[in-house]
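Engineer: The following block contains the structure, expressed as structure tokens.
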Amino acid sequence: MTDTHIGKKIGRVLNCKHMLAGVIGMLLILFSSQLLFAQVNISDDQELIDYSSPKKYEIGGITVSGVEYLDQNVLIMLSGLKIGAKVDIPGEDITNAVKKLWDQGLFEDISISATRVQGDMVFLDIYLLERPRLTKFSFKGVKKSEADDIRDNMRLTRGDVVTDNLLVRIDNIITGYFGDKGFLDVEVDTRQIQDTTKPNNVILEIVIDKNDKIKIYQINVHGNEFLSSEKVKAAFKETKEKGLFRPLYGVDKLFIDVVWDALRLKFPMMIEDVQSYINETIRIRIFKSSKFIESNYEDDIRNLIAKYNEFGYRDAQVVKDSLSRNPDGTMNIDVWIDEGSQYYFRNITWVGNTKYTSEYLNTILRIQRGDVYNQDLLTTNLSFNPSGFDISSLYLDDGYLFFNVEPVEVLVENDSIDLEIRVREGKQATINKVMVRGNTKTNDHVVIREIKTRPGELFSREAIIRTVRELGQLKYFNPETIAPDVLPNPEDGTVDIIYSVEETSADQIELSGGWGYGRIIGTLGVSFNNFSLRNFFKKGAWRPIPSGDGQKLSLRIQSYGRGYISYSASFTEPWLGGRKPNAFSVSYYHSMYSNGLPRSDTNRSYFKINGLTFGLGQRLKWPDDFFTLYQAINLQRYDLHKYTTIFTFGDGSGTYHNFNYNIVLGRNSTAPSYIYPRTGSNLSLSVELTPPYSIFTDADYTKMSDNEKYKWIEYHKWKFEATYFLEVAPKFVIMGRLKYGFLGSYNSEIGITPFERFYLGGDGLSGYNNLDGREIIGMRGYGNETLTPYYYQDRNVGGTVYCKYTLEMRYPLSLNPSATIYALAFLEAGKAWLYHPMFNPFDLYRSAGFGMRVFLPMFGMLGLDWGYGFDDVPGLPGANGGQFHFSINQSID
């Protein structure tokens with residue numbers, strides 16, 4: 001790029017006044033210095049020095065006058081003059097002494113005089129007028145937060161000498177700070193106010209006038225042929241034009257041009273006219289501002305060249321760019337491009353490869369003769385391809401740590417390039433030591449069992465990447481800062497690996513109160529996600545609880561007074577036996593809902609449920625080790641007494657049993673963090689089965705009462721969920737999810753159980769109403785459970801089949817593990833049906849909206865969404881439309 005670079009121009013404009021001040025200051029210094037260099041003053045009563053005839057004198061003594069805060073001996077040393085030394089007066093020795101003192105930047109005036117001359121001996125006095133020192137400084141014209149940031153950058157302290165360099169540095173720091181925010185016309189006036197309480201001290205009052213931000217009105221591109229101007233501008237990720245919306249401007253000219261093109265049958269010209277009209281009249285800017293920031297612009301120039309390189313234009317360059325200002329204060333940028341010629345790959349040869357054949361390496365490289373020359377693609381497929389396999393992975397995953405590959409252009413002929421890819425395979429490296437640092441709370445064995453790189457095994461880059469993912473999934477460490485340090489030992493062909501981790505708080509507390517279903521509900525829950533049962537009885541381990549073994553203990557209670565109470569407790573050991581990742585869990589829960597009357601009252605009604613679950617989760621190795629298998633046995637007992645509020649069957653009294661076996665096959669490859677995944681997928685297929693009791697009896701269920709028919713609950717329940725994450729731009733993630741649920745029966749005479757049904761709509765929070773085992777599925781834009789069949793008729797029977805589709809766009813505002821925050825926009829569609837034949841995956845309720853997620857380690861994931869339901873719900877006029885939803889721990893997902 002030429003010296004007309006915009007950033008350099010702006011730097012010159014912004015700093016011209018500093019340069020002028022510096023030049024004037026230097027002229028004054030040189031002027032005064034020359035006077036001092038020319039002679040040494042001498043008292044009137046001393047022997048005169050003949051300046052026309054230099055003479056050598058011996059320095060008999062040196063004194064320093066005029067200084068108050070500086071050490072005189074140090075100043076004499078800095079001058080270079082020494083007692084006993086012989087100097088020429090006048091001469092270079094005195095001149096150099098003055099110059100050395102000026103170079104310190106601490107003085108406003110310097111003079112050296114001879115106080116006494118005795119023969120060939122001279123006594124000198126160095127007079128110095130110190131520059132003032134800083135007492136304090138303040139800002140005017142900026143916000144407190146801005147002043148604090150500038151203060152941190154300047155790092156001024158009381159007692160600093162107020163030099164010209166200091167004042168220039170203050171000016172540069174302030175202009176640079178606001179220049180990075182788009183304020184290119186910032187003015188700085190640093191005023192020195194004499195401190196009346198301390199001599200030779202000043203107070204700096206820094207007055208800042210930011211003026212308006214300079215926005216980019218138009219970017220004009222010249223010399224481009226292969227890429228259109230719009231594509232060139234699109235390559236600028238941060239440097240954007242100011243938004244416009246003036247659809248009526250030039251519409252008459254557009255109409256004439258389009259009609260004229262149509263009469264001449266030039267239909268492509270019609271499209272170009274419309275595109276040109278849109279580009280000049282409508283520019284929508286939502287996520288990017290149009291302010292000019294020099295560093296961002298320089299990055300965007302590099303992005304533009306990289307974009308050309310992707311299409312084979314390896315010689316493309318920006319030959320010139322310029323900046324101009326408009327009367328309204330905006331700016332225009334003109335960029336001149338020399339695209340050069342387009343190049344193609346021709347012959348690709350491999351040198352030095354013995355492990356793999358050249359043919360096999362070509363299949364991994366995935367570049368064919370005649371492909372457009374793309375340097376970025378070549379580098380990616382050779383070194384690191386995040387979305388696929390590459391040459392380096394092929395070797396590094398097989399222990400070849402010292403492997404190196406270098407592509408060399410051996411011939412450039414016309415538009416074709418011949419490559420010679422030189423391979424240095426080296427020897428396979430064996431892992432020597434594996435260490436973990438930073439786990440101050442989590443015990444070593446908890447971390448080590450997640451590490452895939454073991455001493456004695458061959459080095460594998462894939463194993464390191466997988467280890468980083470597994471450590472991040474533990475939830476005990478900050479996934480953004482897990483850093484593997486690979487230390488090769490070429491002498492003995494080994495490698496040491498150190499994993500540095502940063503502990504975060506894994507424990508969570510839930511303390512909430514809310515209004516739901518006509519009453520206030522209070523909830524208190526704690527979850528200790530890095531618990532240690534073996535240290536439970538050790539007094540010193542309670543800090544505040546025993547921790548470090550990776551076990552999980554959860555306690556929760558929910559109530560709204562005498563009418564409802566629910567409590568639960570669960571414990572999980574993720575490595576049962578300590579050798580394999582077999583997660584054993586046990587949980588107990590109890591819920592009771594009543595009409596609030598005393599137990600002695602004959603009108604008292606209640607519904608109680610007690611449950612006990614034993615679960616075992618396993619990490620599988622086939623088809624790959626991302627797969628998991630979870631199995632559980634659930635034992636539930638429902639006790640009803642005169643309770644008909646929720647259930648539409650029976651007389652409201654009876655005992656019902658639900659003994660079921662649950663199996664879940666899952667695959668989770670999301671990374672890098674479970675809080676904000678950017679890549680990978682999460683698949684889950686589950687089946688819940690009860691024993692088919694009706695098969696083992698000859699009873700006539702058509703003649704049974706509901707209490708008898710459902711005493712032993714039987715059903716089979718199938719669920720499938722698939723979630724996919726794609727990072728389409730840095731940190732910008734698109735998430736797609738689909739869910740299906742199906743509830744079936746073994747016996748048509750019994751029918752589908754009224755328990756365990758699907759209820760769709762709202763925030764997905766279960767609350768007290770989840771007493772019949774119902775599964776509540778959130779869907780934004782609609783009221784709670786309002787998309788459930790016959791909800792509007794108060795039958796409230798639930799659905800036996802449902803589906804739900806979600807598409808989200810996510811962008812993080814903070815990835816700090818102590819407070820992860822991201823914004824999202826979503827599209828959703830879903831529905832629940834009463835019977836299976838009614839299922840239609842394309843006849844759905846639709847919604848759209850936006851929201852926010854905040855993850856706090858102590859409280860988990862909190863969400864607030866606003867959704868708009870597009871479709872009316874029969875019988876419920878207020879069920880759709882604009883709805884706010886609050887969610888806890890992703891209940892709405």
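Identifiers for the structure tokens are assigned positionally: chains receive A, B, ... in sequence, residues are indexed from 1 per chain, and ligands are indexed from 1 in the order shown.
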Could you pull out all residues of range 344-527 of chain A with a DSSP call of alpha helix (DSSP H) and give them as a PyMOL selection string?
Structural biologist: chain A and resi 358-365+375-382+391-396+444-448+461-473
Engineer: Give me the residues within 9 Å of range 826-837 of chain A as a ChimeraX atom specification, counting only C-alpha atoms and dropping any in the same chain fewer than 5 places off.
Structural biologist: /A:742-744,758-761,779-781,787-790,797-810,842-851,867
Engineer: Can you spit out the residues from that selection as a compact mmCIF listing (two decimals), in the first residue's frame, using N, CA, C and O atoms?
Structural biologist:
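Output (result_15.txt):
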```txt
# COMPACT_ATOMS: atom_id res chain seq x y z
N PHE A 742 -43.65 -39.50 21.67
CA PHE A 742 -44.73 -40.43 21.33
C PHE A 742 -45.04 -41.27 22.56
O PHE A 742 -44.15 -41.82 23.20
N LEU A 743 -46.32 -41.33 22.93
CA LEU A 743 -46.77 -42.12 24.07
C LEU A 743 -47.76 -43.17 23.56
O LEU A 743 -48.77 -42.84 22.94
N GLY A 744 -47.44 -44.43 23.80
CA GLY A 744 -48.27 -45.51 23.29
C GLY A 744 -48.74 -46.46 24.38
O GLY A 744 -48.34 -46.37 25.55
N PHE A 758 -47.90 -35.25 27.23
CA PHE A 758 -47.14 -34.08 26.79
C PHE A 758 -48.02 -32.83 26.84
O PHE A 758 -49.16 -32.83 26.36
N TYR A 759 -47.47 -31.76 27.43
CA TYR A 759 -48.16 -30.47 27.53
C TYR A 759 -47.24 -29.41 26.92
O TYR A 759 -46.11 -29.21 27.38
N LEU A 760 -47.72 -28.72 25.90
CA LEU A 760 -46.88 -27.82 25.10
C LEU A 760 -47.29 -26.36 25.27
O LEU A 760 -48.47 -26.05 25.29
N GLY A 761 -46.27 -25.49 25.34
CA GLY A 761 -46.53 -24.05 25.36
C GLY A 761 -45.96 -23.37 26.58
O GLY A 761 -45.93 -23.94 27.68
N MET A 779 -42.67 -23.53 24.68
CA MET A 779 -42.68 -22.96 23.33
C MET A 779 -43.03 -21.49 23.44
O MET A 779 -44.10 -21.12 23.94
N ARG A 780 -42.12 -20.66 23.01
CA ARG A 780 -42.25 -19.22 23.19
C ARG A 780 -43.31 -18.63 22.26
O ARG A 780 -43.55 -19.15 21.17
N GLY A 781 -43.92 -17.55 22.72
CA GLY A 781 -44.95 -16.88 21.94
C GLY A 781 -46.35 -17.33 22.28
O GLY A 781 -47.33 -16.79 21.74
N LEU A 787 -51.03 -24.92 24.09
CA LEU A 787 -51.02 -25.67 22.84
C LEU A 787 -51.30 -27.15 23.08
O LEU A 787 -51.08 -27.99 22.21
N THR A 788 -51.81 -27.46 24.27
CA THR A 788 -52.18 -28.83 24.63
C THR A 788 -53.60 -29.11 24.15
O THR A 788 -54.48 -28.24 24.25
N PRO A 789 -53.88 -30.29 23.61
CA PRO A 789 -55.24 -30.59 23.12
C PRO A 789 -56.31 -30.37 24.18
O PRO A 789 -56.16 -30.77 25.33
N TYR A 790 -57.37 -29.68 23.77
CA TYR A 790 -58.55 -29.42 24.60
C TYR A 790 -58.24 -28.64 25.88
O TYR A 790 -58.98 -28.70 26.84
N VAL A 797 -56.32 -32.96 29.15
CA VAL A 797 -55.96 -34.38 29.13
C VAL A 797 -54.54 -34.61 28.62
O VAL A 797 -54.01 -35.72 28.78
N GLY A 798 -53.92 -33.62 27.99
CA GLY A 798 -52.56 -33.78 27.51
C GLY A 798 -52.51 -34.45 26.15
O GLY A 798 -53.46 -35.07 25.69
N GLY A 799 -51.35 -34.34 25.50
CA GLY A 799 -51.15 -34.93 24.19
C GLY A 799 -50.41 -36.24 24.27
O GLY A 799 -49.65 -36.50 25.23
N THR A 800 -50.61 -37.09 23.28
CA THR A 800 -49.89 -38.37 23.22
C THR A 800 -48.78 -38.34 22.18
O THR A 800 -48.00 -39.29 22.11
N VAL A 801 -48.72 -37.30 21.39
CA VAL A 801 -47.64 -37.13 20.42
C VAL A 801 -47.41 -35.64 20.20
O VAL A 801 -48.36 -34.85 20.25
N TYR A 802 -46.16 -35.26 20.03
CA TYR A 802 -45.86 -33.84 19.78
C TYR A 802 -44.58 -33.74 18.96
O TYR A 802 -43.78 -34.69 18.87
N CYS A 803 -44.41 -32.57 18.36
CA CYS A 803 -43.13 -32.25 17.71
C CYS A 803 -42.87 -30.77 17.88
O CYS A 803 -43.81 -29.97 18.04
N LYS A 804 -41.61 -30.41 17.85
CA LYS A 804 -41.21 -29.01 18.02
C LYS A 804 -39.91 -28.78 17.28
O LYS A 804 -38.97 -29.58 17.36
N TYR A 805 -39.85 -27.64 16.52
CA TYR A 805 -38.65 -27.28 15.78
C TYR A 805 -38.20 -25.90 16.24
O TYR A 805 -39.02 -24.99 16.44
N THR A 806 -36.89 -25.73 16.39
CA THR A 806 -36.33 -24.46 16.85
C THR A 806 -35.11 -24.10 16.02
O THR A 806 -34.27 -24.97 15.73
N LEU A 807 -35.04 -22.83 15.62
CA LEU A 807 -33.85 -22.29 14.97
C LEU A 807 -33.45 -21.02 15.72
O LEU A 807 -34.27 -20.10 15.87
N GLU A 808 -32.22 -20.99 16.22
CA GLU A 808 -31.75 -19.84 16.99
C GLU A 808 -30.45 -19.30 16.39
O GLU A 808 -29.61 -20.06 15.90
N MET A 809 -30.30 -17.98 16.48
CA MET A 809 -29.04 -17.30 16.18
C MET A 809 -28.54 -16.70 17.49
O MET A 809 -29.27 -15.97 18.16
N ARG A 810 -27.30 -17.03 17.84
CA ARG A 810 -26.77 -16.63 19.14
C ARG A 810 -25.47 -15.84 18.96
O ARG A 810 -24.67 -16.14 18.08
N PHE A 842 -46.36 -30.82 9.65
CA PHE A 842 -46.33 -29.55 8.90
C PHE A 842 -47.49 -28.62 9.28
O PHE A 842 -47.53 -27.48 8.84
N ASP A 843 -48.42 -29.11 10.08
CA ASP A 843 -49.53 -28.29 10.57
C ASP A 843 -49.19 -27.86 12.00
O ASP A 843 -49.55 -28.52 12.97
N LEU A 844 -48.48 -26.73 12.13
CA LEU A 844 -47.87 -26.37 13.40
C LEU A 844 -48.22 -24.92 13.79
O LEU A 844 -48.57 -24.11 12.94
N TYR A 845 -48.09 -24.64 15.08
CA TYR A 845 -48.14 -23.27 15.56
C TYR A 845 -46.75 -22.67 15.43
O TYR A 845 -45.74 -23.31 15.73
N ARG A 846 -46.68 -21.39 15.00
CA ARG A 846 -45.41 -20.75 14.71
C ARG A 846 -45.19 -19.52 15.59
O ARG A 846 -46.14 -18.85 15.98
N SER A 847 -43.93 -19.24 15.86
CA SER A 847 -43.59 -18.05 16.66
C SER A 847 -42.18 -17.59 16.32
O SER A 847 -41.40 -18.34 15.73
N ALA A 848 -41.88 -16.36 16.70
CA ALA A 848 -40.55 -15.78 16.51
C ALA A 848 -40.33 -14.76 17.61
O ALA A 848 -41.28 -14.25 18.21
N GLY A 849 -39.07 -14.46 17.87
CA GLY A 849 -38.77 -13.47 18.90
C GLY A 849 -37.29 -13.41 19.20
O GLY A 849 -36.45 -13.84 18.42
N PHE A 850 -36.97 -12.87 20.37
CA PHE A 850 -35.58 -12.70 20.76
C PHE A 850 -35.49 -12.85 22.27
O PHE A 850 -36.51 -12.85 22.98
N GLY A 851 -34.28 -12.98 22.76
CA GLY A 851 -34.12 -13.18 24.19
C GLY A 851 -32.67 -13.05 24.63
O GLY A 851 -31.78 -12.68 23.86
N GLY A 867 -41.52 -13.58 22.82
CA GLY A 867 -41.90 -14.27 21.60
C GLY A 867 -43.27 -13.82 21.13
O GLY A 867 -44.13 -13.43 21.93
```
Engineer: Just want the 8 Å neighbourhood of range 577-581 of chain A, counted on only C-alpha atoms, with same-chain residues fewer than 2 positions away dropped. Output as a list in words.
Structural biologist: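 Close residues of range 577-581 of chain A: Pro574, Trp575, Ala583, Gly617, Gln618 and Arg619 of chain A.
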Engineer: Which residues of range 106-173 of chain A have any atom within 12 Å of an atom in range 78-90 of chain A when counting only C-alpha atoms, and what is the closest pair of atoms for each, with the distance in Å to one decimal? Order the rows by chain and rising number and write it as JSON lines.
Structural biologist:
```
{"residue": "A:Ile110", "atom": "CA", "partner": "A:Ser79", "partner_atom": "CA", "distance": 11.2}
{"residue": "A:Ser111", "atom": "CA", "partner": "A:Ser79", "partner_atom": "CA", "distance": 11.7}
{"residue": "A:Ile112", "atom": "CA", "partner": "A:Ser79", "partner_atom": "CA", "distance": 10.5}
{"residue": "A:Ser113", "atom": "CA", "partner": "A:Ile89", "partner_atom": "CA", "distance": 11.0}
{"residue": "A:Ala114", "atom": "CA", "partner": "A:Ile89", "partner_atom": "CA", "distance": 10.1}
{"residue": "A:Val117", "atom": "CA", "partner": "A:Ile89", "partner_atom": "CA", "distance": 11.6}
{"residue": "A:Asp120", "atom": "CA", "partner": "A:Lys86", "partner_atom": "CA", "distance": 9.4}
{"residue": "A:Met121", "atom": "CA", "partner": "A:Lys86", "partner_atom": "CA", "distance": 8.8}
{"residue": "A:Val122", "atom": "CA", "partner": "A:Val87", "partner_atom": "CA", "distance": 9.4}
{"residue": "A:Phe123", "atom": "CA", "partner": "A:Ile83", "partner_atom": "CA", "distance": 9.0}
{"residue": "A:Leu124", "atom": "CA", "partner": "A:Ile83", "partner_atom": "CA", "distance": 9.6}
{"residue": "A:Asp125", "atom": "CA", "partner": "A:Leu81", "partner_atom": "CA", "distance": 11.1}
{"residue": "A:Ile126", "atom": "CA", "partner": "A:Ser79", "partner_atom": "CA", "distance": 9.2}
{"residue": "A:Tyr127", "atom": "CA", "partner": "A:Ser79", "partner_atom": "CA", "distance": 11.8}
{"residue": "A:Leu128", "atom": "CA", "partner": "A:Ser79", "partner_atom": "CA", "distance": 11.6}
```
Engineer: Using C-alpha atoms, can you export the residues from the last selection as a JSON list (two decimals), in the first residue's frame?
Structural biologist:
```json
[["chain", "number", "residue", "atom", "x", "y", "z"],
["A", 110, "ILE", "CA", 20.42, 25.48, 32.24],
["A", 111, "SER", "CA", 23.56, 27.58, 32.56],
["A", 112, "ILE", "CA", 27.14, 26.83, 33.57],
["A", 113, "SER", "CA", 29.17, 29.67, 35.03],
["A", 114, "ALA", "CA", 32.71, 30.04, 36.37],
["A", 117, "VAL", "CA", 39.38, 31.32, 38.20],
["A", 120, "ASP", "CA", 44.73, 27.34, 35.23],
["A", 121, "MET", "CA", 42.07, 26.18, 37.67],
["A", 122, "VAL", "CA", 38.39, 27.00, 37.27],
["A", 123, "PHE", "CA", 35.47, 26.54, 39.67],
["A", 124, "LEU", "CA", 32.12, 25.92, 37.99],
["A", 125, "ASP", "CA", 28.50, 26.32, 39.07],
["A", 126, "ILE", "CA", 25.68, 24.51, 37.23],
["A", 127, "TYR", "CA", 22.45, 26.46, 37.51],
["A", 128, "LEU", "CA", 19.30, 24.44, 36.84]]
```
Engineer: Within range 375-474 of chain A, find each residue whose DSSP state, derived from the backbone, is strand (DSSP E), and express the selection as an NGL selection string.
Structural biologist: :A and (404-413 or 416-424 or 430-437)
Engineer: Using CA of Leu689 in chain A and CA of Val586 in chain A as the two end points, give the distance in Å to one decimal.
Structural biologist: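 Interatomic distance, CA of Leu689 in chain A to CA of Val586 in chain A: 19.0 Å.
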Engineer: What's the 8 Å shell around Pro812 in chain A, counting only C-alpha atoms, without same-chain residues fewer than 2 positions away, as a list in words?
Structural biologist: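 Once the adjacent positions are removed, what remains is Lys731, Phe732, Arg810, Ser814, Leu815, Thr820, Ile821, Tyr822 and Ala823 of chain A.
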Engineer: Write a file of the selected residues as a compact mmCIF listing (two decimals), in the first residue's frame, keeping all heavy atoms.
Structural biologist:
```
# COMPACT_ATOMS: atom_id res chain seq x y z
N LYS A 731 -17.69 -16.52 16.96
CA LYS A 731 -18.60 -16.47 18.11
C LYS A 731 -20.08 -16.42 17.73
O LYS A 731 -20.94 -16.58 18.59
CB LYS A 731 -18.28 -15.28 19.03
CG LYS A 731 -16.88 -15.28 19.60
CD LYS A 731 -16.67 -14.08 20.51
CE LYS A 731 -15.24 -14.03 21.04
NZ LYS A 731 -15.04 -12.84 21.92
N PHE A 732 -20.39 -16.18 16.46
CA PHE A 732 -21.78 -16.12 16.02
C PHE A 732 -22.23 -17.53 15.64
O PHE A 732 -21.68 -18.14 14.73
CB PHE A 732 -21.93 -15.17 14.84
CG PHE A 732 -23.34 -14.98 14.37
CD1 PHE A 732 -24.22 -14.18 15.08
CD2 PHE A 732 -23.81 -15.62 13.24
CE1 PHE A 732 -25.52 -14.01 14.66
CE2 PHE A 732 -25.11 -15.46 12.80
CZ PHE A 732 -25.97 -14.65 13.52
N ARG A 810 -27.30 -17.03 17.84
CA ARG A 810 -26.77 -16.63 19.14
C ARG A 810 -25.47 -15.84 18.96
O ARG A 810 -24.67 -16.14 18.08
CB ARG A 810 -26.46 -17.86 20.00
CG ARG A 810 -27.67 -18.76 20.26
CD ARG A 810 -27.26 -19.98 21.05
NE ARG A 810 -28.39 -20.79 21.46
CZ ARG A 810 -28.30 -21.89 22.21
NH1 ARG A 810 -27.10 -22.30 22.60
NH2 ARG A 810 -29.37 -22.58 22.54
N SER A 814 -20.69 -11.78 26.74
CA SER A 814 -19.61 -12.05 27.68
C SER A 814 -19.44 -13.55 27.79
O SER A 814 -20.41 -14.28 27.99
CB SER A 814 -19.92 -11.45 29.06
OG SER A 814 -19.00 -11.93 30.03
N LEU A 815 -18.19 -14.01 27.66
CA LEU A 815 -17.88 -15.43 27.84
C LEU A 815 -17.12 -15.67 29.14
O LEU A 815 -16.52 -16.72 29.33
CB LEU A 815 -17.06 -15.95 26.65
CG LEU A 815 -17.82 -16.04 25.32
CD1 LEU A 815 -16.90 -16.48 24.20
CD2 LEU A 815 -19.01 -16.99 25.44
N THR A 820 -21.57 -15.68 32.08
CA THR A 820 -21.68 -15.85 30.63
C THR A 820 -23.02 -15.30 30.16
O THR A 820 -24.07 -15.68 30.70
CB THR A 820 -21.55 -17.33 30.24
OG1 THR A 820 -20.29 -17.83 30.71
CG2 THR A 820 -21.63 -17.50 28.73
N ILE A 821 -22.99 -14.41 29.18
CA ILE A 821 -24.20 -13.76 28.69
C ILE A 821 -24.22 -13.85 27.16
O ILE A 821 -23.22 -13.56 26.52
CB ILE A 821 -24.26 -12.28 29.13
CG1 ILE A 821 -24.11 -12.16 30.66
CG2 ILE A 821 -25.56 -11.64 28.67
CD1 ILE A 821 -23.96 -10.73 31.13
N TYR A 822 -25.35 -14.25 26.61
CA TYR A 822 -25.48 -14.19 25.16
C TYR A 822 -26.90 -13.81 24.77
O TYR A 822 -27.86 -14.10 25.49
CB TYR A 822 -25.03 -15.48 24.48
CG TYR A 822 -25.84 -16.72 24.77
CD1 TYR A 822 -26.97 -17.03 24.03
CD2 TYR A 822 -25.45 -17.60 25.77
CE1 TYR A 822 -27.71 -18.19 24.27
CE2 TYR A 822 -26.17 -18.76 26.03
CZ TYR A 822 -27.30 -19.05 25.28
OH TYR A 822 -28.03 -20.19 25.52
N ALA A 823 -27.00 -13.13 23.63
CA ALA A 823 -28.29 -12.73 23.07
C ALA A 823 -28.67 -13.71 21.98
O ALA A 823 -27.81 -14.37 21.38
CB ALA A 823 -28.21 -11.31 22.52
```
Engineer: Which neighbours of range 313-322 of chain A fall inside 12 Å, counting only C-alpha atoms, when residues of the same chain fewer than 3 positions from it are skipped, and could you give them as number ranges by chain?
Structural biologist: A: 1-10, 219-227, 232, 297-298, 300-310, 325, 331-345, 372-376, 412, 415-417
Engineer: Find the residues near Gly882 in chain A: any atom within 8 Å, counting only C-alpha atoms, skip ones fewer than 2 places away on the same chain, and give them as a list in words.
Structural biologist: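 Neighbouring residues, sequence-local ones excluded: Gly781, Tyr782, Trp866, Gly867, Tyr868, Gly869, Asn880 and Phe884 of chain A.
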Engineer: Pick the closest to Val436 in chain A from A:Pro691, A:Pro874, A:Pro484, A:Pro407: which is it, counting only C-alpha atoms?
Structural biologist: A:Pro484
Engineer: Considering only C-alpha atoms, state which residue in the set A:Leu553, A:Leu377, A:Leu856, A:Leu683 is at the smallest distance from Tyr724 in chain A.
Structural biologist: A:Leu683
Engineer: Excluding Val434 in chain A and its own-chain neighbours fewer than 2 positions away, which residues fall within 7 Å of it when counting only C-alpha atoms? Please give them as a PyMOL selection string.
Structural biologist: chain A and resi 432+454-455+496-498
Engineer: Take the residues that were just selected and, keeping N, CA and C atoms, output them as an mmCIF file, in the first residue's frame.
Structural biologist:
```
data_model
loop_
_atom_site.group_PDB
_atom_site.id
_atom_site.type_symbol
_atom_site.label_atom_id
_atom_site.label_comp_id
_atom_site.auth_asym_id
_atom_site.auth_seq_id
_atom_site.Cartn_x
_atom_site.Cartn_y
_atom_site.Cartn_z
ATOM 1 N N ASN A 432 5.826 -38.730 27.568
ATOM 2 C CA ASN A 432 6.632 -39.017 28.747
ATOM 3 C C ASN A 432 5.874 -38.663 30.029
ATOM 4 N N ARG A 454 -1.998 -40.416 27.544
ATOM 5 C CA ARG A 454 -1.434 -41.207 28.637
ATOM 6 C C ARG A 454 0.062 -41.418 28.427
ATOM 7 N N PRO A 455 0.860 -41.394 29.509
ATOM 8 C CA PRO A 455 2.295 -41.675 29.377
ATOM 9 C C PRO A 455 2.525 -43.047 28.745
ATOM 10 N N ASP A 496 6.401 -33.987 26.779
ATOM 11 C CA ASP A 496 5.666 -33.735 28.022
ATOM 12 C C ASP A 496 4.490 -32.830 27.703
ATOM 13 N N ILE A 497 3.366 -33.083 28.356
ATOM 14 C CA ILE A 497 2.150 -32.295 28.130
ATOM 15 C C ILE A 497 1.663 -31.765 29.462
ATOM 16 N N ILE A 498 1.452 -30.460 29.519
ATOM 17 C CA ILE A 498 0.945 -29.817 30.732
ATOM 18 C C ILE A 498 -0.391 -29.159 30.398
#
```
Engineer: Could you check the closest approach to Tyr674 in chain A for each of A:Leu184, A:Ile206, A:Leu533, A:Leu474 and tell me which residue wins, using only C-alpha atoms?
Structural biologist: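 Among the listed residues, the smallest separation from Tyr674 in chain A belongs to A:Leu474.
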Engineer: Between CA of Lys355 in chain A and CA of Ile431 in chain A, what is the distance in Å, rounded to a tenth?
Structural biologist: 20.4 Å
